[in-house]
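Below: final.cif (mmCIF, C-alpha atoms and all ligand atoms)
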```
data_model
loop_
_atom_site.label_atom_id
_atom_site.label_comp_id
_atom_site.auth_asym_id
_atom_site.auth_seq_id
_atom_site.Cartn_x
_atom_site.Cartn_y
_atom_site.Cartn_z
CA MET A 1 0.00 0.00 0.00
CA SER A 2 1.54 3.26 -1.07
CA GLU A 3 0.81 6.42 0.84
CA THR A 4 2.19 8.91 -1.62
CA THR A 5 0.04 11.92 -2.47
CA SER A 6 1.67 12.52 -5.83
CA GLN A 7 0.42 9.49 -7.74
CA SER A 8 0.63 9.73 -11.47
CA TYR A 9 -2.79 9.10 -12.92
CA ASP A 10 -1.62 9.71 -16.49
CA ALA A 11 -2.66 6.31 -17.88
CA LEU A 12 -6.19 6.75 -16.55
CA LEU A 13 -6.48 10.37 -17.72
CA ASN A 14 -5.23 9.46 -21.18
CA PHE A 15 -7.70 6.60 -21.36
CA ILE A 16 -10.57 8.97 -20.55
CA ARG A 17 -9.39 11.56 -23.11
CA ASN A 18 -9.02 8.88 -25.76
CA HIS A 19 -12.44 7.44 -25.08
CA TYR A 20 -14.21 10.79 -25.37
CA GLY A 21 -11.94 12.25 -28.07
CA ILE A 22 -11.37 15.49 -26.17
CA PHE A 23 -7.73 16.10 -25.44
CA SER A 24 -7.50 19.52 -23.81
CA LYS A 25 -9.65 21.77 -21.66
CA GLN A 26 -9.79 24.22 -24.59
CA GLU A 27 -11.50 21.56 -26.70
CA GLY A 28 -14.18 21.04 -24.08
CA VAL A 29 -14.84 19.62 -20.65
CA ILE A 30 -15.51 15.89 -20.45
CA PRO A 31 -18.79 15.72 -18.54
CA LEU A 32 -19.60 13.17 -15.86
CA HIS A 33 -22.70 12.07 -17.75
CA ALA A 34 -24.37 13.98 -20.57
CA PRO A 35 -27.33 12.84 -22.66
CA CYS A 36 -26.92 11.70 -26.24
CA PHE A 37 -29.54 12.34 -28.95
CA ASP A 38 -29.76 11.92 -32.70
CA GLU A 39 -32.40 11.84 -35.42
CA ALA A 40 -34.48 9.25 -33.56
CA GLU A 41 -35.34 11.72 -30.75
CA LYS A 42 -35.97 14.54 -33.22
CA LEU A 43 -38.46 12.37 -35.11
CA THR A 44 -40.60 11.46 -32.12
CA VAL A 45 -40.50 14.94 -30.56
CA VAL A 46 -41.43 16.71 -33.81
CA ASP A 47 -44.16 14.14 -34.41
CA CYS A 48 -45.48 14.87 -30.92
CA ILE A 49 -45.53 18.63 -31.60
CA ASP A 50 -47.27 18.08 -34.93
CA SER A 51 -49.95 16.06 -33.18
CA THR A 52 -50.66 19.06 -30.83
CA PHE A 53 -50.90 16.54 -27.96
CA VAL A 54 -47.92 17.87 -26.02
CA SER A 55 -49.41 17.76 -22.52
CA SER A 56 -50.44 14.98 -20.17
CA VAL A 57 -52.68 13.16 -22.66
CA GLY A 58 -51.20 11.50 -25.71
CA GLN A 59 -50.04 8.35 -27.35
CA TYR A 60 -46.39 8.71 -26.44
CA VAL A 61 -47.21 8.53 -22.72
CA GLU A 62 -49.07 5.28 -23.29
CA GLN A 63 -46.37 3.90 -25.54
CA PHE A 64 -43.58 4.83 -23.12
CA GLU A 65 -45.47 3.15 -20.28
CA THR A 66 -46.02 0.01 -22.35
CA ASP A 67 -42.43 -0.07 -23.61
CA LEU A 68 -40.97 0.42 -20.14
CA ALA A 69 -43.21 -2.22 -18.60
CA HIS A 70 -42.10 -4.58 -21.34
CA TYR A 71 -38.43 -3.71 -20.90
CA THR A 72 -38.43 -4.18 -17.12
CA GLY A 73 -40.88 -7.07 -17.04
CA ALA A 74 -43.20 -5.17 -14.68
CA SER A 75 -46.90 -5.71 -15.30
CA HIS A 76 -47.80 -2.02 -14.87
CA ALA A 77 -46.03 1.29 -15.43
CA VAL A 78 -47.26 4.81 -14.65
CA ALA A 79 -45.32 7.75 -16.12
CA VAL A 80 -44.80 10.71 -13.78
CA VAL A 81 -43.18 14.16 -13.82
CA ASN A 82 -39.94 13.07 -12.17
CA GLY A 83 -38.36 10.45 -9.95
CA THR A 84 -38.81 12.41 -6.73
CA MET A 85 -42.56 12.65 -7.22
CA GLY A 86 -42.61 9.01 -8.32
CA LEU A 87 -41.15 8.05 -4.94
CA PHE A 88 -43.67 10.28 -3.17
CA LEU A 89 -46.53 8.69 -5.10
CA GLY A 90 -45.14 5.20 -4.46
CA LEU A 91 -44.96 5.83 -0.71
CA LYS A 92 -48.52 7.22 -0.74
CA ILE A 93 -50.04 4.24 -2.53
CA VAL A 94 -48.36 1.64 -0.31
CA GLY A 95 -49.97 3.43 2.63
CA VAL A 96 -47.35 5.66 4.24
CA GLN A 97 -49.07 8.16 6.52
CA ALA A 98 -48.13 11.25 8.51
CA ASN A 99 -45.88 10.43 11.51
CA ASP A 100 -44.85 7.03 10.17
CA LEU A 101 -41.18 6.08 10.02
CA VAL A 102 -39.74 4.96 6.69
CA LEU A 103 -36.45 3.02 6.55
CA THR A 104 -33.89 3.98 3.96
CA GLN A 105 -30.15 4.30 3.44
CA SER A 106 -28.14 7.38 4.36
CA LEU A 107 -25.96 6.85 1.30
CA THR A 108 -28.38 8.20 -1.30
CA PHE A 109 -29.40 11.30 -3.20
CA VAL A 110 -31.42 13.75 -1.10
CA ALA A 111 -34.57 13.08 -3.16
CA THR A 112 -35.04 9.77 -1.31
CA PRO A 113 -35.57 11.19 2.22
CA ASN A 114 -37.25 14.29 0.76
CA ALA A 115 -39.95 12.08 -0.78
CA ILE A 116 -40.47 10.51 2.66
CA LYS A 117 -40.81 13.96 4.25
CA LEU A 118 -43.33 14.96 1.55
CA CYS A 119 -45.58 12.26 3.04
CA GLN A 120 -45.09 13.91 6.45
CA ALA A 121 -43.28 10.77 7.52
CA GLU A 122 -39.73 10.61 8.92
CA PRO A 123 -36.76 8.79 7.40
CA LEU A 124 -34.75 6.40 9.57
CA PHE A 125 -31.29 5.81 8.14
CA LEU A 126 -29.67 2.37 7.94
CA ASP A 127 -26.24 1.33 6.69
CA VAL A 128 -25.29 0.06 3.26
CA SER A 129 -23.41 -3.13 2.41
CA ARG A 130 -19.70 -3.07 1.52
CA LYS A 131 -20.55 -5.55 -1.25
CA THR A 132 -23.17 -3.50 -3.08
CA MET A 133 -23.16 0.13 -1.78
CA GLY A 134 -26.93 -0.45 -1.38
CA LEU A 135 -29.07 -1.12 1.70
CA SER A 136 -27.52 -3.89 3.80
CA PRO A 137 -29.88 -6.82 4.49
CA GLU A 138 -27.80 -7.60 7.61
CA ALA A 139 -28.18 -4.06 8.96
CA LEU A 140 -31.89 -4.14 8.17
CA GLN A 141 -32.41 -7.50 9.88
CA HIS A 142 -30.39 -6.48 12.92
CA PHE A 143 -32.29 -3.22 13.29
CA LEU A 144 -35.69 -4.87 12.98
CA GLU A 145 -34.79 -7.64 15.45
CA THR A 146 -33.37 -5.36 18.11
CA GLU A 147 -35.35 -2.12 17.82
CA THR A 148 -38.86 -3.02 16.72
CA HIS A 149 -41.81 -5.17 17.67
CA THR A 150 -45.04 -6.21 15.97
CA HIS A 151 -48.37 -4.85 17.16
CA GLN A 152 -51.68 -5.64 15.43
CA GLY A 153 -50.00 -6.46 12.16
CA HIS A 154 -47.78 -3.38 12.13
CA CYS A 155 -44.06 -2.97 12.69
CA ILE A 156 -43.53 -0.58 15.59
CA HIS A 157 -40.30 1.23 16.43
CA THR A 158 -40.07 0.42 20.12
CA GLN A 159 -38.24 3.56 21.26
CA THR A 160 -40.64 6.06 19.66
CA GLY A 161 -43.77 3.94 19.38
CA ARG A 162 -44.08 4.99 15.74
CA ARG A 163 -45.19 2.70 12.95
CA ILE A 164 -42.62 1.69 10.33
CA SER A 165 -44.73 1.42 7.21
CA ALA A 166 -42.22 1.29 4.37
CA CYS A 167 -38.60 0.83 3.36
CA VAL A 168 -36.84 2.50 0.42
CA PRO A 169 -33.70 0.63 -0.63
CA MET A 170 -31.68 2.30 -3.40
CA HIS A 171 -29.58 0.69 -6.16
CA THR A 172 -26.57 2.97 -5.78
CA LEU A 173 -25.07 4.22 -9.06
CA GLY A 174 -26.82 1.35 -10.84
CA PHE A 175 -25.26 -1.43 -8.73
CA PRO A 176 -28.12 -3.69 -7.59
CA CYS A 177 -28.47 -4.16 -3.85
CA GLU A 178 -29.41 -7.57 -2.44
CA ILE A 179 -33.00 -6.71 -3.13
CA ASP A 180 -34.48 -10.21 -2.79
CA GLN A 181 -33.30 -10.42 0.82
CA VAL A 182 -34.35 -6.85 1.59
CA VAL A 183 -37.88 -7.51 0.30
CA GLU A 184 -38.15 -10.81 2.17
CA ILE A 185 -37.03 -9.29 5.48
CA CYS A 186 -39.35 -6.29 5.08
CA HIS A 187 -42.38 -8.37 4.22
CA GLN A 188 -41.74 -10.64 7.21
CA HIS A 189 -42.05 -7.49 9.31
CA HIS A 190 -45.15 -6.10 7.55
CA ILE A 191 -43.13 -3.37 5.85
CA LYS A 192 -43.84 -2.33 2.23
CA VAL A 193 -40.93 -1.85 -0.15
CA VAL A 194 -40.61 1.08 -2.54
CA GLU A 195 -37.44 0.51 -4.58
CA ASP A 196 -35.58 3.66 -5.48
CA ALA A 197 -34.43 2.44 -8.89
CA ALA A 198 -33.83 6.00 -10.12
CA GLU A 199 -30.27 5.10 -11.10
CA SER A 200 -30.73 1.49 -12.14
CA LEU A 201 -32.67 1.26 -15.39
CA GLY A 202 -30.90 -1.59 -17.19
CA SER A 203 -29.60 -3.19 -13.96
CA PHE A 204 -30.63 -6.74 -13.16
CA TYR A 205 -30.52 -8.88 -10.04
CA ARG A 206 -30.72 -12.66 -10.56
CA LYS A 207 -31.79 -11.87 -14.14
CA GLN A 208 -34.79 -9.87 -12.87
CA HIS A 209 -34.93 -6.13 -13.48
CA THR A 210 -34.31 -3.88 -10.47
CA GLY A 211 -37.42 -1.99 -9.43
CA THR A 212 -39.65 -5.04 -9.91
CA PHE A 213 -38.90 -6.82 -6.60
CA GLY A 214 -40.61 -4.45 -4.20
CA ASP A 215 -44.28 -3.51 -3.97
CA VAL A 216 -43.39 -0.52 -6.15
CA GLY A 217 -40.28 0.59 -8.04
CA VAL A 218 -39.42 4.06 -9.31
CA PHE A 219 -37.15 5.16 -12.16
CA SER A 220 -35.90 8.65 -12.99
CA PHE A 221 -35.29 10.09 -16.45
CA ASN A 222 -33.60 13.28 -15.33
CA GLY A 223 -31.00 14.70 -17.71
CA ASN A 224 -28.09 12.98 -15.95
CA LYS A 225 -29.57 9.47 -15.80
CA ILE A 226 -28.82 6.61 -18.22
CA LEU A 227 -31.88 7.55 -20.27
CA THR A 228 -33.56 10.93 -20.22
CA THR A 229 -36.92 12.51 -21.00
CA GLY A 230 -35.65 15.96 -19.99
CA GLY A 231 -37.41 15.44 -16.68
CA GLY A 232 -39.53 12.46 -15.85
CA GLY A 233 -40.01 9.30 -13.90
CA MET A 234 -41.85 5.99 -13.96
CA LEU A 235 -43.54 4.03 -11.25
CA VAL A 236 -43.71 0.27 -11.86
CA THR A 237 -45.57 -2.42 -9.97
CA ASN A 238 -46.95 -5.92 -10.45
CA ASN A 239 -50.05 -5.04 -8.44
CA ALA A 240 -52.94 -3.89 -10.65
CA LYS A 241 -54.73 -2.14 -7.76
CA LEU A 242 -51.64 -0.13 -6.81
CA ALA A 243 -51.07 0.85 -10.45
CA GLU A 244 -54.64 2.02 -10.80
CA HIS A 245 -54.42 4.03 -7.59
CA ALA A 246 -51.11 5.59 -8.69
CA LYS A 247 -52.60 6.69 -11.98
CA HIS A 248 -55.70 8.04 -10.25
CA LEU A 249 -53.75 10.01 -7.62
CA SER A 250 -51.42 11.39 -10.28
CA THR A 251 -54.37 12.63 -12.37
CA THR A 252 -56.26 14.75 -9.76
CA ALA A 253 -58.31 11.65 -8.84
CA LYS A 254 -60.68 12.46 -11.66
CA LYS A 255 -63.45 9.96 -12.23
CA PRO A 256 -63.61 8.94 -15.87
CA HIS A 257 -66.38 10.80 -17.68
CA ALA A 258 -66.63 12.43 -21.10
CA TRP A 259 -67.38 15.91 -19.74
CA TYR A 260 -68.08 16.05 -15.98
CA PHE A 261 -65.29 16.93 -13.55
CA GLU A 262 -65.75 14.70 -10.53
CA HIS A 263 -62.87 13.98 -8.15
CA ASP A 264 -63.05 11.46 -5.32
CA GLU A 265 -59.77 12.13 -3.47
CA VAL A 266 -57.55 15.10 -2.71
CA ALA A 267 -54.89 14.35 -5.26
CA TYR A 268 -52.11 15.69 -7.48
CA ASN A 269 -51.05 16.50 -10.99
CA LEU A 270 -47.99 14.31 -11.45
CA ARG A 271 -48.44 13.10 -15.02
CA MET A 272 -45.57 13.10 -17.48
CA PRO A 273 -46.25 15.36 -20.48
CA ASN A 274 -46.51 13.64 -23.87
CA LEU A 275 -43.62 15.75 -25.16
CA ASN A 276 -41.27 14.24 -22.58
CA ALA A 277 -42.62 10.76 -23.24
CA ALA A 278 -41.84 11.21 -26.95
CA LEU A 279 -38.19 11.69 -26.01
CA GLY A 280 -38.40 8.65 -23.72
CA VAL A 281 -39.75 6.33 -26.40
CA ALA A 282 -36.82 7.14 -28.70
CA GLN A 283 -34.29 6.87 -25.86
CA LEU A 284 -35.60 3.55 -24.60
CA GLY A 285 -35.17 2.14 -28.10
CA LYS A 286 -31.43 2.63 -27.62
CA MET A 287 -31.05 0.94 -24.23
CA LYS A 288 -29.32 -2.11 -25.64
CA SER A 289 -26.59 -0.09 -27.35
CA PHE A 290 -26.28 2.29 -24.36
CA LEU A 291 -25.74 -0.66 -22.02
CA LYS A 292 -23.21 -2.26 -24.33
CA GLU A 293 -21.17 0.90 -24.61
CA LYS A 294 -21.28 1.50 -20.87
CA ARG A 295 -20.16 -2.03 -20.11
CA THR A 296 -17.24 -1.71 -22.53
CA LEU A 297 -16.22 1.56 -20.89
CA ALA A 298 -16.47 -0.04 -17.44
CA GLN A 299 -14.21 -2.89 -18.58
CA GLY A 300 -11.75 -0.35 -19.95
CA TYR A 301 -11.68 1.44 -16.59
CA GLN A 302 -11.19 -1.86 -14.80
CA GLN A 303 -8.18 -2.79 -16.91
CA ILE A 304 -6.47 0.57 -16.47
CA ILE A 305 -7.15 0.83 -12.75
CA GLN A 306 -5.92 -2.70 -12.07
CA ASN A 307 -2.44 -1.33 -12.65
CA GLN A 308 -3.02 1.98 -10.92
CA PRO A 309 -1.57 2.12 -7.42
CA GLY A 310 -3.80 3.87 -4.91
CA LEU A 311 -7.07 3.29 -6.76
CA ALA A 312 -9.50 0.39 -6.92
CA VAL A 313 -12.60 -0.14 -9.01
CA PHE A 314 -15.95 -0.77 -7.40
CA ASN A 315 -17.69 -3.35 -9.54
CA ASP A 316 -20.17 -6.17 -9.63
CA ALA A 317 -17.50 -8.70 -10.57
CA ASN A 318 -17.80 -10.37 -7.15
CA ASN A 319 -21.19 -11.65 -8.10
CA GLU A 320 -21.43 -11.02 -11.83
CA ASN A 321 -23.93 -13.84 -12.28
CA ILE A 322 -26.16 -12.46 -9.61
CA ALA A 323 -25.99 -8.71 -10.11
CA GLN A 324 -25.60 -6.89 -13.40
CA SER A 325 -25.01 -3.17 -13.14
CA ASN A 326 -25.99 -0.73 -15.87
CA TYR A 327 -22.74 1.12 -14.98
CA TRP A 328 -24.67 4.36 -14.90
CA LEU A 329 -21.72 5.97 -13.14
CA ASN A 330 -18.37 4.20 -12.85
CA ALA A 331 -17.03 4.36 -9.33
CA ILE A 332 -13.50 4.09 -8.04
CA LEU A 333 -12.27 3.91 -4.48
CA CYS A 334 -9.40 6.11 -3.30
CA GLN A 335 -7.35 5.03 -0.30
CA ASN A 336 -8.64 7.79 1.95
CA ALA A 337 -10.33 11.19 2.01
CA SER A 338 -7.17 13.18 1.31
CA GLU A 339 -6.22 11.01 -1.68
CA ARG A 340 -9.73 11.52 -2.94
CA GLU A 341 -9.40 15.29 -2.61
CA THR A 342 -6.19 15.26 -4.63
CA PHE A 343 -7.74 13.11 -7.33
CA LEU A 344 -10.86 15.30 -7.60
CA MET A 345 -8.74 18.45 -7.83
CA LEU A 346 -6.35 17.06 -10.41
CA THR A 347 -9.03 15.68 -12.74
CA ASN A 348 -11.38 18.67 -12.57
CA GLU A 349 -8.48 21.07 -13.14
CA GLN A 350 -7.78 19.23 -16.38
CA GLY A 351 -11.33 19.45 -17.65
CA ILE A 352 -12.31 15.92 -16.69
CA GLN A 353 -15.45 16.04 -14.56
CA THR A 354 -15.23 13.69 -11.60
CA ARG A 355 -17.46 13.85 -8.55
CA PRO A 356 -17.56 12.49 -4.99
CA LEU A 357 -20.61 10.62 -3.77
CA TRP A 358 -23.36 12.64 -2.10
CA THR A 359 -22.70 13.82 1.44
CA PRO A 360 -24.51 11.11 3.45
CA MET A 361 -27.97 12.22 4.53
CA HIS A 362 -27.25 11.99 8.28
CA GLN A 363 -24.40 14.49 7.79
CA LEU A 364 -26.67 17.09 6.18
CA GLU A 365 -27.99 19.71 8.57
CA ILE A 366 -31.55 19.06 7.39
CA TYR A 367 -31.36 15.38 8.39
CA GLN A 368 -28.96 15.54 11.34
CA GLN A 369 -31.82 15.01 13.79
CA ALA A 370 -33.23 12.01 11.93
CA LEU A 371 -33.19 8.61 13.63
CA ARG A 372 -30.42 6.32 12.50
CA ALA A 373 -28.47 3.16 13.16
CA GLU A 374 -24.67 2.84 13.09
CA LEU A 375 -23.44 3.82 9.61
CA PRO A 376 -19.79 2.70 9.29
CA ASN A 377 -20.00 1.50 5.66
CA THR A 378 -21.87 4.62 4.60
CA GLU A 379 -19.07 6.79 5.98
CA TRP A 380 -16.39 4.49 4.54
CA PHE A 381 -17.78 4.83 1.00
CA ALA A 382 -18.61 8.52 1.34
CA GLU A 383 -15.00 9.46 1.94
CA ARG A 384 -13.47 7.26 -0.75
CA VAL A 385 -15.71 7.00 -3.80
CA VAL A 386 -15.17 9.08 -6.92
CA ASN A 387 -17.38 8.85 -9.99
CA LEU A 388 -15.63 8.94 -13.36
CA PRO A 389 -17.02 10.24 -16.67
CA SER A 390 -19.49 7.57 -17.78
CA GLY A 391 -21.75 9.07 -20.46
CA ILE A 392 -22.47 7.62 -23.86
CA HIS A 393 -19.99 8.95 -26.39
CA CYS A 394 -21.96 11.13 -28.79
CA ALA A 395 -19.69 11.58 -31.79
CA GLY A 396 -19.45 15.14 -33.05
CA VAL A 397 -22.43 16.44 -31.13
CA ARG A 398 -20.93 18.47 -28.33
CA LYS A 399 -17.99 20.81 -28.28
C1 LIG B 401 -32.15 11.08 -9.63
C2 LIG B 401 -32.54 10.44 -8.38
C3 LIG B 401 -33.81 10.66 -7.82
C4 LIG B 401 -34.76 11.70 -8.26
O1 LIG B 401 -35.12 11.71 -9.56
P1 LIG B 401 -35.58 13.08 -10.25
O2 LIG B 401 -36.15 12.60 -11.53
O3 LIG B 401 -34.35 13.91 -10.43
O4 LIG B 401 -36.59 13.73 -9.39
C5 LIG B 401 -34.16 9.93 -6.69
N1 LIG B 401 -33.30 9.07 -6.12
C6 LIG B 401 -32.09 8.85 -6.63
C7 LIG B 401 -31.20 7.88 -5.95
C8 LIG B 401 -31.64 9.54 -7.75
O5 LIG B 401 -30.41 9.34 -8.21
#
```
Could you render the structure from this file as structure tokens?
Ligand SMILES: *Cc1c(COP(=O)(O)O)cnc(C)c1O
Amino acid sequence: MSETTSQSYDALLNFIRNHYGIFSKQEGVIPLHAPCFDEAEKLTVVDCIDSTFVSSVGQYVEQFETDLAHYTGASHAVAVVNGTMGLFLGLKIVGVQANDLVLTQSLTFVATPNAIKLCQAEPLFLDVSRKTMGLSPEALQHFLETETHTHQGHCIHTQTGRRISACVPMHTLGFPCEIDQVVEICHQHHIKVVEDAAESLGSFYRKQHTGTFGDVGVFSFNGNKILTTGGGGMLVTNNAKLAEHAKHLSTTAKKPHAWYFEHDEVAYNLRMPNLNAALGVAQLGKMKSFLKEKRTLAQGYQQIIQNQPGLAVFNDANNENIAQSNYWLNAILCQNASERETFLMLTNEQGIQTRPLWTPMHQLEIYQQALRAELPNTEWFAERVVNLPSGIHCAGVRK
């Protein structure tokens, strides 16, 4: 183990420059993850405009829902305005109520606990696994066994007396967590599972698509995700009743009628506009080639970093047959926080965008007071991980 702070990362930096065909900062910055469009997107978007159906009713919404359900193997898909609101809607339909506790990981994007707070519930942070960077089944099991009890078919947090109604595991950076175990443990304890699959479209666990294990799964199509609709999200479920309720709640709970406006619940407008869905349909058609290119890039990173002292790749090679990442963002591990700082500085100075993981939620002022278990793995990852440029290479499009 070397402890030098003046590593040469030249081989890695040259590999990145070669891959993206940008060789100096003057030529352009290599982004962490930028979208990639061509004629296919222009065709569907222009067709959508020509149809005049650009808002929340239109054929592209239906087609995108059908295509995504087909792609993921989920029986139902409901398109929504973004991933954050998809999580909110998912928590609502599985029955999360004001003052409930909802389990999730601290190592996530802030949208996850924010969606919990939108339900007037409180997040309770658990640790992630060193194997997956996602919610640890061991931490979950330990917490439930030592800190909760069952009362009238509900899981109760013994210390506060509050009900734990749901759990939101997240597939970090596209690496699947051990979702089968998480779901089994939760269901044994009467806890619903809303999978935050915002980052994991194209990631599979035991050959089953992430987001389809829990009661509900949610994808995001924000501009930085593997596939984008500008802004957008999708809720998937295998439960017809939940799907129907999600659609209803996202459409002002309007009762179907040709002209009367009757609404039977206080609800929301969370529908994805047809214009965004048009972009999604074209993008989803490219998933296969996106995934192939990302996997090749990930393999390239692995080869280079194998011979790079001071850095290690985080990958799904440990259990390749079990978990298949979409490699949304490639992640490397630095030896410690100060090495990471040096690496971030050096790469960004040279026009290569690299980023640390999110500050863990329990370290943010807004969630400092939240309940939590011990979080050693969360803190371990948070001070070491760096994300490398991982976008699809769009030849000649961006300068
Ligand atoms: C992107 C993301 C979201 C939110 O999705 P938006 O579409 O941006 O609202 C939620 N959770 C995670 C983990 C994400 O990465």
Quiz prompt | Top pick for closest residue to Lys292 of chain A, considering A:Asn222, A:Gln350, A:Ser325, A:Asn274 and counting all atoms listed in the file | solution = A:Ser325
Practice problem: May I have the residues at most 12 Å from (-42.9, 13.4, -3.6) in the file's coordinates, counting all atoms listed in the file, as an MDAnalysis selection string? | Solution: chainID A and resid 80:93 96 110:121 218 233 250 268:270
Next, the residues of the selection above should be written as a short mmCIF file (atom, residue, chain, number, x, y, z; two decimals), in the coordinates of the input with C-alpha atoms.
```
data_model
loop_
_atom_site.label_atom_id
_atom_site.label_comp_id
_atom_site.auth_asym_id
_atom_site.auth_seq_id
_atom_site.Cartn_x
_atom_site.Cartn_y
_atom_site.Cartn_z
CA VAL A 80 -44.80 10.71 -13.78
CA VAL A 81 -43.18 14.16 -13.82
CA ASN A 82 -39.94 13.07 -12.17
CA GLY A 83 -38.36 10.45 -9.95
CA THR A 84 -38.81 12.41 -6.73
CA MET A 85 -42.56 12.65 -7.22
CA GLY A 86 -42.61 9.01 -8.32
CA LEU A 87 -41.15 8.05 -4.94
CA PHE A 88 -43.67 10.28 -3.17
CA LEU A 89 -46.53 8.69 -5.10
CA GLY A 90 -45.14 5.20 -4.46
CA LEU A 91 -44.96 5.83 -0.71
CA LYS A 92 -48.52 7.22 -0.74
CA ILE A 93 -50.04 4.24 -2.53
CA VAL A 96 -47.35 5.66 4.24
CA VAL A 110 -31.42 13.75 -1.10
CA ALA A 111 -34.57 13.08 -3.16
CA THR A 112 -35.04 9.77 -1.31
CA PRO A 113 -35.57 11.19 2.22
CA ASN A 114 -37.25 14.29 0.76
CA ALA A 115 -39.95 12.08 -0.78
CA ILE A 116 -40.47 10.51 2.66
CA LYS A 117 -40.81 13.96 4.25
CA LEU A 118 -43.33 14.96 1.55
CA CYS A 119 -45.58 12.26 3.04
CA GLN A 120 -45.09 13.91 6.45
CA ALA A 121 -43.28 10.77 7.52
CA VAL A 218 -39.42 4.06 -9.31
CA GLY A 233 -40.01 9.30 -13.90
CA SER A 250 -51.42 11.39 -10.28
CA TYR A 268 -52.11 15.69 -7.48
CA ASN A 269 -51.05 16.50 -10.99
CA LEU A 270 -47.99 14.31 -11.45
#
```
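The nearest approach to ligand LIG 401 (chain B) among the residues A:Gly211, A:Gly134, A:Gly232, A:Gly280, with only C-alpha atoms and all ligand atoms taken into account, belongs to A:Gly232.
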Exercise. Pick out the closest residue to Ala278 of chain A from this set: A:Thr228, A:Glu374, A:Ala198, A:Leu291. Count only C-alpha atoms.
Key: A:Thr228
Quiz item: So how far away is atom CA of Val54 of chain A from atom CA of Leu275 of chain A, in Å?
Solution: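 About the pair atom CA of Leu275 of chain A and atom CA of Val54 of chain A: they are 4.9 Å apart.
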Exercise. Excluding Pro273 of chain A and residues on its chain fewer than 3 positions from it, collect all residues at most 8 Å away from it, counting only C-alpha atoms, and give them as a list in words.
Key: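 Everything that qualifies: Val54, Ser55, Ser56, Val57, Val61, Val81, Asn276 and Ala277 of chain A.
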Exercise. Just give me the gap between atom CA of His154 of chain A and atom CA of Ala74 of chain A in Å, one decimal is fine.
Key: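 These atoms are spaced 27.3 Å apart.
Atom CA of Cys394 of chain A sits 25.1 Å away from atom CA of Leu357 of chain A.
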Axis-aligned box for all listed atoms of ligand LIG 401 (chain B), 4 Å per side, centre and edges in Å to one decimal, as AutoDock Vina command-line options:
```
--center_x -33.5 --center_y 10.9 --center_z -8.7 --size_x 14.2 --size_y 14.0 --size_z 13.6
```
Exercise. Skip Gln105 of chain A itself and residues of its chain fewer than 2 positions away, then list as a PyMOL selection string all residues within 6 Å of it, counting all atoms listed in the file.
Key: chain A and resi 107+125-127+135
Exercise. Could you check which of A:Thr210, A:Gln283, A:Thr172, A:Ser106 is closest to ligand LIG 401 (chain B), using only C-alpha atoms and all ligand atoms?
Key: A:Thr172
Self-check item: Close residues, Leu43 of chain A itself excluded, 10 Å, all atoms listed in the file, min 3 positions apart in chain, as a list in words
Solution: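 Listing them by chain and then by number gives Asp38, Glu39, Ala40, Val46, Asp47, Cys48, Ala278, Leu279 and Ala282 of chain A.
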Quiz prompt | From A:Asp180, A:Glu138, A:Asp196, A:Glu145, residue lying nearest ligand LIG 401 (chain B) [all atoms listed in the file] | solution = A:Asp196
Quiz item: Looking at only C-alpha atoms and all ligand atoms, which of A:Ala79, A:Leu68, A:Leu311, A:Met287 is the one that sits closest to ligand LIG 401 (chain B)?
Solution: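 Looking only at the distances to ligand LIG 401 (chain B), the closest residue turns out to be A:Ala79.
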Quiz item: Any idea what's packed within 12 Å of Asn348 of chain A, counting only C-alpha atoms, ignoring anything in its chain fewer than 2 positions away? Could you give it as a VMD selection string?
Solution: chain A and resid 13 24 to 25 29 to 32 341 to 346 350 to 356 386 to 389
Quiz prompt | Protein and nucleic acid residues near (-48.1, -3.1, 17.0) (cut-off 12 Å, all atoms listed in the file) as a VMD selection string | solution = chain A and resid 148 to 158 161 to 165 189 to 190
Quiz item: Do you know which residues are at most 10 Å from segment 296-310 of chain A counting all atoms listed in the file, after dropping those on the same chain fewer than 2 positions away, and could you put them as a PyMOL selection string?
Solution: chain A and resi 1-5+7-13+15-16+19+291-294+312-315+326-336+339-340+388-393
